[in-house]
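K.L.:
Next up, query-v4.pdb (PDB, C-alpha atoms and all ligand atoms).
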```pdb
ATOM      1  CA  MET Y   1      56.093  -6.115  50.342  1.00  0.00           C
ATOM      2  CA  ILE Y   2      52.698  -5.075  51.652  1.00  0.00           C
ATOM      3  CA  CYS Y   3      50.121  -7.585  52.808  1.00  0.00           C
ATOM      4  CA  GLN Y   4      46.522  -6.407  52.538  1.00  0.00           C
ATOM      5  CA  ILE Y   5      43.921  -8.121  54.688  1.00  0.00           C
ATOM      6  CA  SER Y   6      40.322  -7.007  54.336  1.00  0.00           C
ATOM      7  CA  ASP Y   7      36.851  -7.447  55.768  1.00  0.00           C
ATOM      8  CA  THR Y   8      37.693  -9.767  58.615  1.00  0.00           C
ATOM      9  CA  HIS Y   9      34.293  -9.006  60.238  1.00  0.00           C
ATOM     10  CA  PHE Y  10      35.712 -10.289  63.508  1.00  0.00           C
ATOM     11  CA  VAL Y  11      33.318 -11.333  66.288  1.00  0.00           C
ATOM     12  CA  SER Y  12      34.039 -12.762  69.728  1.00  0.00           C
ATOM     13  CA  ASN Y  13      34.880 -16.438  69.996  1.00  0.00           C
ATOM     14  CA  ASN Y  14      31.482 -17.394  71.437  1.00  0.00           C
ATOM     15  CA  GLN Y  15      29.625 -15.830  68.495  1.00  0.00           C
ATOM     16  CA  LYS Y  16      29.255 -16.348  64.787  1.00  0.00           C
ATOM     17  CA  LEU Y  17      28.809 -13.797  62.048  1.00  0.00           C
ATOM     18  CA  PHE Y  18      25.184 -14.034  60.844  1.00  0.00           C
ATOM     19  CA  ASP Y  19      24.884 -16.964  63.328  1.00  0.00           C
ATOM     20  CA  LYS Y  20      26.820 -19.005  60.820  1.00  0.00           C
ATOM     21  CA  TYR Y  21      30.395 -17.969  60.097  1.00  0.00           C
ATOM     22  CA  ASP Y  22      33.183 -18.390  62.641  1.00  0.00           C
ATOM     23  CA  THR Y  23      35.164 -15.248  61.851  1.00  0.00           C
ATOM     24  CA  TYR Y  24      37.075 -15.503  65.140  1.00  0.00           C
ATOM     25  CA  SER Y  25      38.734 -18.764  64.096  1.00  0.00           C
ATOM     26  CA  LYS Y  26      39.103 -17.450  60.577  1.00  0.00           C
ATOM     27  CA  PHE Y  27      41.135 -14.530  61.863  1.00  0.00           C
ATOM     28  CA  GLU Y  28      43.360 -16.912  63.829  1.00  0.00           C
ATOM     29  CA  ASP Y  29      43.855 -18.853  60.581  1.00  0.00           C
ATOM     30  CA  THR Y  30      44.594 -15.593  58.769  1.00  0.00           C
ATOM     31  CA  ILE Y  31      47.324 -14.750  61.256  1.00  0.00           C
ATOM     32  CA  ASN Y  32      48.811 -18.229  60.997  1.00  0.00           C
ATOM     33  CA  THR Y  33      48.802 -18.001  57.204  1.00  0.00           C
ATOM     34  CA  CYS Y  34      50.541 -14.613  57.399  1.00  0.00           C
ATOM     35  CA  ASN Y  35      53.157 -15.795  59.877  1.00  0.00           C
ATOM     36  CA  LYS Y  36      53.957 -18.803  57.668  1.00  0.00           C
ATOM     37  CA  LEU Y  37      54.720 -16.648  54.602  1.00  0.00           C
ATOM     38  CA  LYS Y  38      58.266 -17.287  53.425  1.00  0.00           C
ATOM     39  CA  ASP Y  39      58.779 -13.676  52.389  1.00  0.00           C
ATOM     40  CA  LYS Y  40      57.641 -11.582  55.302  1.00  0.00           C
ATOM     41  CA  PRO Y  41      55.667  -8.459  54.376  1.00  0.00           C
ATOM     42  CA  ASP Y  42      57.067  -5.128  55.541  1.00  0.00           C
ATOM     43  CA  PHE Y  43      53.679  -4.344  57.061  1.00  0.00           C
ATOM     44  CA  TYR Y  44      50.010  -5.277  57.049  1.00  0.00           C
ATOM     45  CA  ILE Y  45      47.118  -3.064  55.997  1.00  0.00           C
ATOM     46  CA  ILE Y  46      43.726  -4.234  57.208  1.00  0.00           C
ATOM     47  CA  SER Y  47      41.396  -2.320  54.929  1.00  0.00           C
ATOM     48  CA  GLY Y  48      38.252  -1.998  56.993  1.00  0.00           C
ATOM     49  CA  ASP Y  49      35.387  -3.995  58.463  1.00  0.00           C
ATOM     50  CA  LEU Y  50      37.900  -5.190  61.008  1.00  0.00           C
ATOM     51  CA  ILE Y  51      35.084  -6.133  63.352  1.00  0.00           C
ATOM     52  CA  HIS Y  52      31.378  -6.636  62.773  1.00  0.00           C
ATOM     53  CA  ASP Y  53      29.576  -3.683  64.403  1.00  0.00           C
ATOM     54  CA  ASP Y  54      30.241  -4.270  68.117  1.00  0.00           C
ATOM     55  CA  GLU Y  55      33.158  -2.168  69.395  1.00  0.00           C
ATOM     56  CA  ASN Y  56      33.779  -4.676  72.208  1.00  0.00           C
ATOM     57  CA  PHE Y  57      35.263  -7.009  69.593  1.00  0.00           C
ATOM     58  CA  TYR Y  58      38.262  -4.702  69.076  1.00  0.00           C
ATOM     59  CA  LYS Y  59      39.978  -5.861  72.279  1.00  0.00           C
ATOM     60  CA  ASP Y  60      40.373  -9.469  71.124  1.00  0.00           C
ATOM     61  CA  PHE Y  61      40.920  -8.413  67.541  1.00  0.00           C
ATOM     62  CA  PHE Y  62      43.969  -6.331  68.422  1.00  0.00           C
ATOM     63  CA  LYS Y  63      45.198  -8.925  70.881  1.00  0.00           C
ATOM     64  CA  LEU Y  64      45.354 -11.360  67.962  1.00  0.00           C
ATOM     65  CA  CYS Y  65      46.862  -8.694  65.683  1.00  0.00           C
ATOM     66  CA  ASN Y  66      49.796  -8.532  68.097  1.00  0.00           C
ATOM     67  CA  GLN Y  67      50.735 -12.028  66.931  1.00  0.00           C
ATOM     68  CA  LEU Y  68      51.484 -10.687  63.447  1.00  0.00           C
ATOM     69  CA  GLU Y  69      55.238 -10.331  63.169  1.00  0.00           C
ATOM     70  CA  ARG Y  70      55.181  -6.994  61.357  1.00  0.00           C
ATOM     71  CA  PRO Y  71      53.462  -3.613  61.944  1.00  0.00           C
ATOM     72  CA  VAL Y  72      49.700  -3.505  61.401  1.00  0.00           C
ATOM     73  CA  TYR Y  73      47.871  -0.526  59.928  1.00  0.00           C
ATOM     74  CA  PRO Y  74      44.118  -0.671  60.558  1.00  0.00           C
ATOM     75  CA  MET Y  75      41.596   1.222  58.426  1.00  0.00           C
ATOM     76  CA  MET Y  76      37.961   2.202  58.861  1.00  0.00           C
ATOM     77  CA  GLY Y  77      35.147   0.244  57.197  1.00  0.00           C
ATOM     78  CA  ASN Y  78      31.399   0.668  57.420  1.00  0.00           C
ATOM     79  CA  HIS Y  79      31.142  -1.980  60.168  1.00  0.00           C
ATOM     80  CA  ASP Y  80      33.827  -0.282  62.280  1.00  0.00           C
ATOM     81  CA  GLN Y  81      33.288   2.190  65.100  1.00  0.00           C
ATOM     82  CA  ARG Y  82      35.585   5.170  64.624  1.00  0.00           C
ATOM     83  CA  GLN Y  83      35.667   6.492  68.204  1.00  0.00           C
ATOM     84  CA  ALA Y  84      36.343   3.056  69.664  1.00  0.00           C
ATOM     85  CA  LEU Y  85      38.891   2.124  67.007  1.00  0.00           C
ATOM     86  CA  LYS Y  86      40.874   5.304  67.646  1.00  0.00           C
ATOM     87  CA  LYS Y  87      41.703   4.032  71.131  1.00  0.00           C
ATOM     88  CA  TYR Y  88      43.654   1.182  69.525  1.00  0.00           C
ATOM     89  CA  VAL Y  89      45.596   3.118  66.873  1.00  0.00           C
ATOM     90  CA  LYS Y  90      48.597   5.379  67.189  1.00  0.00           C
ATOM     91  CA  THR Y  91      47.690   9.064  67.193  1.00  0.00           C
ATOM     92  CA  ASN Y  92      49.801   9.704  64.094  1.00  0.00           C
ATOM     93  CA  LEU Y  93      47.251   7.654  62.108  1.00  0.00           C
ATOM     94  CA  ILE Y  94      44.494  10.151  62.917  1.00  0.00           C
ATOM     95  CA  ASP Y  95      44.302  13.429  60.996  1.00  0.00           C
ATOM     96  CA  ASN Y  96      43.400  16.849  62.424  1.00  0.00           C
ATOM     97  CA  ASN Y  97      39.736  16.275  61.630  1.00  0.00           C
ATOM     98  CA  GLY Y  98      39.522  12.982  63.493  1.00  0.00           C
ATOM     99  CA  TYR Y  99      39.579  10.691  60.449  1.00  0.00           C
ATOM    100  CA  LEU Y 100      41.901   7.704  60.075  1.00  0.00           C
ATOM    101  CA  ASN Y 101      43.764   9.206  57.130  1.00  0.00           C
ATOM    102  CA  TYR Y 102      47.484   8.521  57.040  1.00  0.00           C
ATOM    103  CA  ALA Y 103      50.443   7.927  54.785  1.00  0.00           C
ATOM    104  CA  ILE Y 104      53.227   5.381  55.149  1.00  0.00           C
ATOM    105  CA  SER Y 105      56.228   7.154  53.679  1.00  0.00           C
ATOM    106  CA  THR Y 106      59.245   5.058  54.594  1.00  0.00           C
ATOM    107  CA  TYR Y 107      59.202   2.779  51.521  1.00  0.00           C
ATOM    108  CA  PRO Y 108      59.942   3.229  47.795  1.00  0.00           C
ATOM    109  CA  VAL Y 109      56.207   3.643  47.251  1.00  0.00           C
ATOM    110  CA  GLU Y 110      54.083   6.187  49.070  1.00  0.00           C
ATOM    111  CA  VAL Y 111      51.169   4.374  50.661  1.00  0.00           C
ATOM    112  CA  ILE Y 112      48.100   6.492  51.375  1.00  0.00           C
ATOM    113  CA  CYS Y 113      45.244   5.106  53.465  1.00  0.00           C
ATOM    114  CA  LEU Y 114      41.899   6.899  53.286  1.00  0.00           C
ATOM    115  CA  ASP Y 115      39.015   6.825  55.725  1.00  0.00           C
ATOM    116  CA  THR Y 116      35.799   6.557  53.671  1.00  0.00           C
ATOM    117  CA  ALA Y 117      33.358   5.572  56.419  1.00  0.00           C
ATOM    118  CA  ILE Y 118      30.231   7.563  57.277  1.00  0.00           C
ATOM    119  CA  LYS Y 119      28.900   7.009  60.790  1.00  0.00           C
ATOM    120  CA  ASP Y 120      25.998   4.528  60.850  1.00  0.00           C
ATOM    121  CA  GLN Y 121      25.875   4.243  57.052  1.00  0.00           C
ATOM    122  CA  ILE Y 122      26.849   1.444  54.724  1.00  0.00           C
ATOM    123  CA  GLU Y 123      27.870   3.558  51.745  1.00  0.00           C
ATOM    124  CA  GLY Y 124      31.079   5.549  51.908  1.00  0.00           C
ATOM    125  CA  THR Y 125      32.336   8.996  51.033  1.00  0.00           C
ATOM    126  CA  ILE Y 126      35.554  10.974  50.996  1.00  0.00           C
ATOM    127  CA  ALA Y 127      34.893  13.862  53.348  1.00  0.00           C
ATOM    128  CA  GLU Y 128      35.765  17.345  52.094  1.00  0.00           C
ATOM    129  CA  SER Y 129      38.610  17.607  54.604  1.00  0.00           C
ATOM    130  CA  THR Y 130      39.907  14.172  53.539  1.00  0.00           C
ATOM    131  CA  MET Y 131      39.888  15.225  49.879  1.00  0.00           C
ATOM    132  CA  LYS Y 132      41.981  18.289  50.807  1.00  0.00           C
ATOM    133  CA  TRP Y 133      44.312  16.157  52.936  1.00  0.00           C
ATOM    134  CA  LEU Y 134      44.750  13.783  49.986  1.00  0.00           C
ATOM    135  CA  GLU Y 135      45.466  16.619  47.556  1.00  0.00           C
ATOM    136  CA  GLU Y 136      48.224  17.895  49.849  1.00  0.00           C
ATOM    137  CA  LYS Y 137      49.785  14.422  49.986  1.00  0.00           C
ATOM    138  CA  LEU Y 138      49.634  14.076  46.200  1.00  0.00           C
ATOM    139  CA  LYS Y 139      51.248  17.470  45.680  1.00  0.00           C
ATOM    140  CA  LYS Y 140      54.079  16.645  48.092  1.00  0.00           C
ATOM    141  CA  ASN Y 141      54.842  13.182  46.707  1.00  0.00           C
ATOM    142  CA  GLN Y 142      55.172  13.564  42.955  1.00  0.00           C
ATOM    143  CA  ASN Y 143      58.575  11.880  42.814  1.00  0.00           C
ATOM    144  CA  LYS Y 144      57.606   8.333  43.812  1.00  0.00           C
ATOM    145  CA  PRO Y 145      54.857   5.834  42.935  1.00  0.00           C
ATOM    146  CA  ILE Y 146      51.706   6.075  45.018  1.00  0.00           C
ATOM    147  CA  ILE Y 147      49.291   3.355  46.082  1.00  0.00           C
ATOM    148  CA  ILE Y 148      46.003   4.402  47.655  1.00  0.00           C
ATOM    149  CA  PHE Y 149      44.040   2.135  49.969  1.00  0.00           C
ATOM    150  CA  MET Y 150      40.389   2.752  50.867  1.00  0.00           C
ATOM    151  CA  HIS Y 151      37.583   0.575  52.175  1.00  0.00           C
ATOM    152  CA  HIS Y 152      34.808   1.536  49.745  1.00  0.00           C
ATOM    153  CA  PRO Y 153      35.467   1.232  46.004  1.00  0.00           C
ATOM    154  CA  PRO Y 154      35.276   4.572  44.177  1.00  0.00           C
ATOM    155  CA  ILE Y 155      33.731   2.824  41.152  1.00  0.00           C
ATOM    156  CA  GLU Y 156      30.966   0.375  40.361  1.00  0.00           C
ATOM    157  CA  ILE Y 157      32.128  -3.209  40.038  1.00  0.00           C
ATOM    158  CA  GLY Y 158      28.985  -4.579  38.349  1.00  0.00           C
ATOM    159  CA  SER Y 159      27.437  -5.930  41.553  1.00  0.00           C
ATOM    160  CA  VAL Y 160      23.777  -5.410  42.485  1.00  0.00           C
ATOM    161  CA  LEU Y 161      24.743  -5.912  46.117  1.00  0.00           C
ATOM    162  CA  PHE Y 162      27.594  -3.450  46.304  1.00  0.00           C
ATOM    163  CA  ASP Y 163      27.312  -0.788  43.591  1.00  0.00           C
ATOM    164  CA  HIS Y 164      24.767   1.309  45.515  1.00  0.00           C
ATOM    165  CA  ILE Y 165      26.941   1.296  48.646  1.00  0.00           C
ATOM    166  CA  LYS Y 166      30.256   2.303  47.081  1.00  0.00           C
ATOM    167  CA  CYS Y 167      32.149   5.538  47.812  1.00  0.00           C
ATOM    168  CA  ASN Y 168      29.582   8.110  46.687  1.00  0.00           C
ATOM    169  CA  ASN Y 169      32.016  10.740  45.415  1.00  0.00           C
ATOM    170  CA  GLY Y 170      34.360   8.398  43.599  1.00  0.00           C
ATOM    171  CA  LYS Y 171      34.218  10.461  40.380  1.00  0.00           C
ATOM    172  CA  GLU Y 172      35.593  13.526  42.147  1.00  0.00           C
ATOM    173  CA  PHE Y 173      38.312  11.338  43.678  1.00  0.00           C
ATOM    174  CA  ILE Y 174      39.279   9.846  40.303  1.00  0.00           C
ATOM    175  CA  ASN Y 175      39.370  13.317  38.734  1.00  0.00           C
ATOM    176  CA  LEU Y 176      41.798  14.391  41.444  1.00  0.00           C
ATOM    177  CA  ILE Y 177      44.155  11.402  41.347  1.00  0.00           C
ATOM    178  CA  SER Y 178      44.151  11.343  37.523  1.00  0.00           C
ATOM    179  CA  LYS Y 179      46.103  14.611  37.596  1.00  0.00           C
ATOM    180  CA  TYR Y 180      49.049  12.767  39.149  1.00  0.00           C
ATOM    181  CA  ASN Y 181      50.562  10.159  36.865  1.00  0.00           C
ATOM    182  CA  ASN Y 182      52.575   8.647  39.719  1.00  0.00           C
ATOM    183  CA  VAL Y 183      49.354   7.290  41.287  1.00  0.00           C
ATOM    184  CA  LYS Y 184      49.582   3.669  40.183  1.00  0.00           C
ATOM    185  CA  GLU Y 185      47.013   1.708  42.128  1.00  0.00           C
ATOM    186  CA  VAL Y 186      43.821   2.082  44.122  1.00  0.00           C
ATOM    187  CA  MET Y 187      43.067  -0.899  46.334  1.00  0.00           C
ATOM    188  CA  PHE Y 188      39.861  -1.383  48.257  1.00  0.00           C
ATOM    189  CA  GLY Y 189      37.906  -3.919  50.295  1.00  0.00           C
ATOM    190  CA  HIS Y 190      34.157  -3.906  51.027  1.00  0.00           C
ATOM    191  CA  VAL Y 191      33.067  -5.965  48.002  1.00  0.00           C
ATOM    192  CA  HIS Y 192      34.064  -9.439  49.247  1.00  0.00           C
ATOM    193  CA  CYS Y 193      35.119 -10.656  45.804  1.00  0.00           C
ATOM    194  CA  PHE Y 194      37.905 -10.421  43.238  1.00  0.00           C
ATOM    195  CA  PHE Y 195      37.764  -7.388  40.964  1.00  0.00           C
ATOM    196  CA  SER Y 196      40.178  -5.376  38.842  1.00  0.00           C
ATOM    197  CA  LYS Y 197      39.798  -2.605  36.268  1.00  0.00           C
ATOM    198  CA  PHE Y 198      42.119  -0.026  34.682  1.00  0.00           C
ATOM    199  CA  ILE Y 199      41.007   3.613  34.484  1.00  0.00           C
ATOM    200  CA  ASN Y 200      43.242   6.428  33.207  1.00  0.00           C
ATOM    201  CA  GLY Y 201      46.297   4.180  33.494  1.00  0.00           C
ATOM    202  CA  MET Y 202      45.630   3.279  37.136  1.00  0.00           C
ATOM    203  CA  GLU Y 203      44.538  -0.126  38.368  1.00  0.00           C
ATOM    204  CA  PHE Y 204      41.524  -0.298  40.678  1.00  0.00           C
ATOM    205  CA  SER Y 205      41.480  -3.641  42.429  1.00  0.00           C
ATOM    206  CA  SER Y 206      39.748  -5.282  45.348  1.00  0.00           C
ATOM    207  CA  CYS Y 207      41.157  -7.385  48.111  1.00  0.00           C
ATOM    208  CA  PRO Y 208      38.801 -10.318  48.606  1.00  0.00           C
ATOM    209  CA  SER Y 209      37.587 -10.806  52.140  1.00  0.00           C
ATOM    210  CA  ALA Y 210      39.561 -12.672  54.786  1.00  0.00           C
ATOM    211  CA  SER Y 211      36.227 -14.093  55.985  1.00  0.00           C
ATOM    212  CA  ILE Y 212      33.508 -14.715  53.351  1.00  0.00           C
ATOM    213  CA  GLN Y 213      33.017 -13.924  49.646  1.00  0.00           C
ATOM    214  CA  TYR Y 214      29.834 -12.749  47.909  1.00  0.00           C
ATOM    215  CA  PRO Y 215      29.276 -13.787  44.284  1.00  0.00           C
ATOM    216  CA  ILE Y 216      29.759 -10.693  42.108  1.00  0.00           C
ATOM    217  CA  ASP Y 217      26.686 -11.640  40.042  1.00  0.00           C
ATOM    218  CA  ALA Y 218      24.310 -12.199  43.004  1.00  0.00           C
ATOM    219  CA  GLU Y 219      20.918 -10.502  42.506  1.00  0.00           C
ATOM    220  CA  THR Y 220      19.997 -10.545  46.200  1.00  0.00           C
ATOM    221  CA  ASP Y 221      21.716 -11.285  49.486  1.00  0.00           C
ATOM    222  CA  ARG Y 222      18.841 -13.503  50.681  1.00  0.00           C
ATOM    223  CA  ASN Y 223      19.529 -17.231  51.051  1.00  0.00           C
ATOM    224  CA  LEU Y 224      22.951 -16.844  49.534  1.00  0.00           C
ATOM    225  CA  ASN Y 225      25.379 -19.639  49.991  1.00  0.00           C
ATOM    226  CA  LEU Y 226      28.491 -17.649  50.726  1.00  0.00           C
ATOM    227  CA  ASP Y 227      31.928 -18.850  49.776  1.00  0.00           C
ATOM    228  CA  THR Y 228      34.024 -19.382  52.905  1.00  0.00           C
ATOM    229  CA  ARG Y 229      37.296 -19.540  51.041  1.00  0.00           C
ATOM    230  CA  SER Y 230      39.202 -16.467  52.091  1.00  0.00           C
ATOM    231  CA  TYR Y 231      42.335 -14.646  51.027  1.00  0.00           C
ATOM    232  CA  ILE Y 232      45.086 -12.192  51.772  1.00  0.00           C
ATOM    233  CA  LYS Y 233      46.669 -10.048  49.068  1.00  0.00           C
ATOM    234  CA  LEU Y 234      50.398  -9.515  48.643  1.00  0.00           C
ATOM    235  CA  ILE Y 235      51.658  -6.406  46.900  1.00  0.00           C
ATOM    236  CA  ASN Y 236      55.296  -6.510  45.930  1.00  0.00           C
ATOM    237  CA  PHE Y 237      57.127  -3.358  44.930  1.00  0.00           C
ATOM    238  CA  THR Y 238      60.692  -4.519  44.462  1.00  0.00           C
ATOM    239  CA  ASN Y 239      62.700  -3.300  41.429  1.00  0.00           C
ATOM    240  CA  GLY Y 240      60.269  -0.435  40.847  1.00  0.00           C
ATOM    241  CA  GLU Y 241      57.584  -2.782  39.512  1.00  0.00           C
ATOM    242  CA  LEU Y 242      54.362  -3.633  41.304  1.00  0.00           C
ATOM    243  CA  SER Y 243      53.070  -7.174  41.302  1.00  0.00           C
ATOM    244  CA  LYS Y 244      50.181  -8.713  43.201  1.00  0.00           C
ATOM    245  CA  ASP Y 245      49.277 -12.156  44.404  1.00  0.00           C
ATOM    246  CA  HIS Y 246      46.467 -13.680  46.444  1.00  0.00           C
ATOM    247  CA  ILE Y 247      47.110 -16.367  49.040  1.00  0.00           C
ATOM    248  CA  GLU Y 248      44.287 -18.546  50.283  1.00  0.00           C
ATOM    249  CA  ILE Y 249      43.903 -18.647  54.065  1.00  0.00           C
ATOM    250  CA  ASN Y 250      43.992 -22.116  55.543  1.00  0.00           C
TER     251      ASN Y 250
HETATM  252 FE    FE Y 301      32.767  -6.140  54.635  1.00  0.00          FE
END
```
Translate the structure of the given file into structure tokens.
Ligand SMILES: [Fe+2]
P.N.:
Amino acid sequence: MICQISDTHFVSNNQKLFDKYDTYSKFEDTINTCNKLKDKPDFYIISGDLIHDDENFYKDFFKLCNQLERPVYPMMGNHDQRQALKKYVKTNLIDNNGYLNYAISTYPVEVICLDTAIKDQIEGTIAESTMKWLEEKLKKNQNKPIIIFMHHPPIEIGSVLFDHIKCNNGKEFINLISKYNNVKEVMFGHVHCFFSKFINGMEFSSCPSASIQYPIDAETDRNLNLDTRSYIKLINFTNGELSKDHIEIN
């Protein structure tokens, strides 16, 4: 079982996100929720926006991550700092071009994690070298189901707030993965809400944030009353079938 955690937007414990949201305590709660799960995940994927902008937050973030009882795979989001984050991840999670692109190959499903962040930008992209890296992985792994994780969604979700800051070459990405019928799922973060849609037989689904949710139908982000309920996502792949569940953090 995989546990996806997303958009923790961690800040130090004397600060609040947007002067309002205590994402430090929320991450402690997230870890407690994870460690109380009856069925322990094989590993955790934290799909970007680990911290909120300031690279100094990584130290405490990873200190807390060490309390998780299974391996943790961090990914890049638009609020992460690639150079600083690399100091905290194993070198085998960094590709030859310096992106955090990696595959987890020791399970019945091939798990591919893509780096879609562009330095100092909110929208995402799949760099040319990443697209080539992905194609190689797809070619080599045609005999087992594949799940792809990425921070930015490659599609619009019907949100005024998020559709203009999605992965900007998602169509090219979908054209590529559609050639491989063993690609089953694309899972992303970034959108801070629940979302799911099937395209070409693949499910594209979000992981809601482990900090705050934005209403999918919000017209503006001004004066929004954000939902502080937060979630982790469990992805089970026993018996060759994939099933998903969301657990509320408390
Ligand atoms: Fe986020």
K.L.:
Using all atoms listed in the file for the distances, tell me which of Y:Asn96, Y:Thr23, Y:Ser47, Y:Thr91 is nearest to Thr116 in chain Y.
P.N.:
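Checking each of Y:Asn96, Y:Thr23, Y:Ser47, Y:Thr91 against Thr116 in chain Y, counting all atoms listed in the file, the winner is Y:Ser47.
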K.L.:
Just so the selection is clear, what residues does the PyMOL selection byres (((chain Y and resi 202-212) around 9) and not hetatm) cover here, as a ChimeraX atom specification?
P.N.:
/Y:4-10,21-23,26-27,30,47,153-155,178,181,183-201,213-214,226-233,246,248-249
K.L.:
Evaluate the PyMOL selection byres (((chain Y and resi 52) around 12) and not hetatm) against this structure - the residues, as a count of residues only, please.
P.N.:
32
K.L.:
Got a sec: who's within 12 Å of Asp163 in chain Y, counting only C-alpha atoms, leaving out chain neighbours fewer than 5 positions off, as a ChimeraX atom specification?
P.N.:
/Y:122-124,152-158,168,170,190-191,216-219
K.L.:
Between Y:Leu93, Y:Leu176, Y:Ile112, Y:Leu161, which residue has the minimum interatomic distance to ligand FE 301 (chain Y), considering all atoms listed in the file?
P.N.:
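The answer is Y:Leu161, which sits nearest to ligand FE 301 (chain Y).
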K.L.:
Extract, using all atoms listed in the file, all DNA, RNA and protein residues at most 8 Å from Phe173 in chain Y, discarding same-chain residues fewer than 4 positions from it, and format them as a ChimeraX atom specification.
P.N.:
/Y:126,131,154,169,177
K.L.:
I'd like to know which of Y:Asp39, Y:Glu28, Y:Glu172, Y:Asp221 is closest to Cys65 in chain Y, using all atoms listed in the file.
P.N.:
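Smallest separation from Cys65 in chain Y among the options: Y:Glu28.
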K.L.:
Using all atoms listed in the file, find the one residue out of Y:Asp29, Y:Asn35, Y:Tyr73, Y:Lys63 that sits nearest to Asn92 in chain Y.
P.N.:
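Using all atoms listed in the file, Asn92 in chain Y sits closest to Y:Tyr73.
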K.L.:
For Pro71 in chain Y, which residue among Y:Tyr180, Y:Phe149, Y:Tyr44, Y:Tyr88 is the nearest when counting only C-alpha atoms?
P.N.:
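Closest candidate: Y:Tyr44.
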K.L.:
Contacts of Ile2 in chain Y at 6 Å or less, counting only C-alpha atoms, minus same-chain residues fewer than 4 places along, as a PDB file with C-alpha atoms, keeping the file's coordinate frame?
P.N.:
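Output below, filename result-v8.pdb:
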```pdb
ATOM      1  CA  PRO Y  41      55.667  -8.459  54.376  1.00  0.00           C
ATOM      2  CA  ASP Y  42      57.067  -5.128  55.541  1.00  0.00           C
ATOM      3  CA  PHE Y  43      53.679  -4.344  57.061  1.00  0.00           C
ATOM      4  CA  LEU Y 234      50.398  -9.515  48.643  1.00  0.00           C
ATOM      5  CA  ILE Y 235      51.658  -6.406  46.900  1.00  0.00           C
TER       6      ILE Y 235
END
```
K.L.:
Find the distance between CA of Arg70 in chain Y and CA of Thr33 in chain Y and write it in Å to one decimal.
P.N.:
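Rounded to one decimal, the two atoms are 13.4 Å apart.
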K.L.:
Kindly give the distance, in Å, that separates CA of Tyr107 in chain Y and CA of Pro74 in chain Y, rounded to a single decimal.
P.N.:
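A separation of 17.9 Å between them.
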K.L.:
What separation in Å, quoted to one decimal, exists between CA of Asn141 in chain Y and CA of Lys179 in chain Y?
P.N.:
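It comes out at 12.7 Å.
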K.L.:
Select, from Y:Asn182, Y:Thr220, Y:Thr130, Y:Asn66, the residue with the minimum atom-to-atom distance to Gly240 in chain Y, counting only C-alpha atoms.
P.N.:
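Using only C-alpha atoms, Gly240 in chain Y sits closest to Y:Asn182.
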K.L.:
Give the centre and edge lengths of an axis-aligned box, in Å to one decimal, that holds all listed atoms of range 7-23 of chain Y with 8 Å on each side, as JSON.
P.N.:
```
{"center_x": 31.3, "center_y": -13.2, "center_z": 63.6, "size_x": 28.8, "size_y": 27.6, "size_z": 31.7}
```
K.L.:
Counting all atoms listed in the file, what is within 8 Å of Ile31 in chain Y, bar same-chain residues fewer than 5 positions away, as JSON, numbers by chain?
P.N.:
{"Y": [64, 65, 67, 68]}
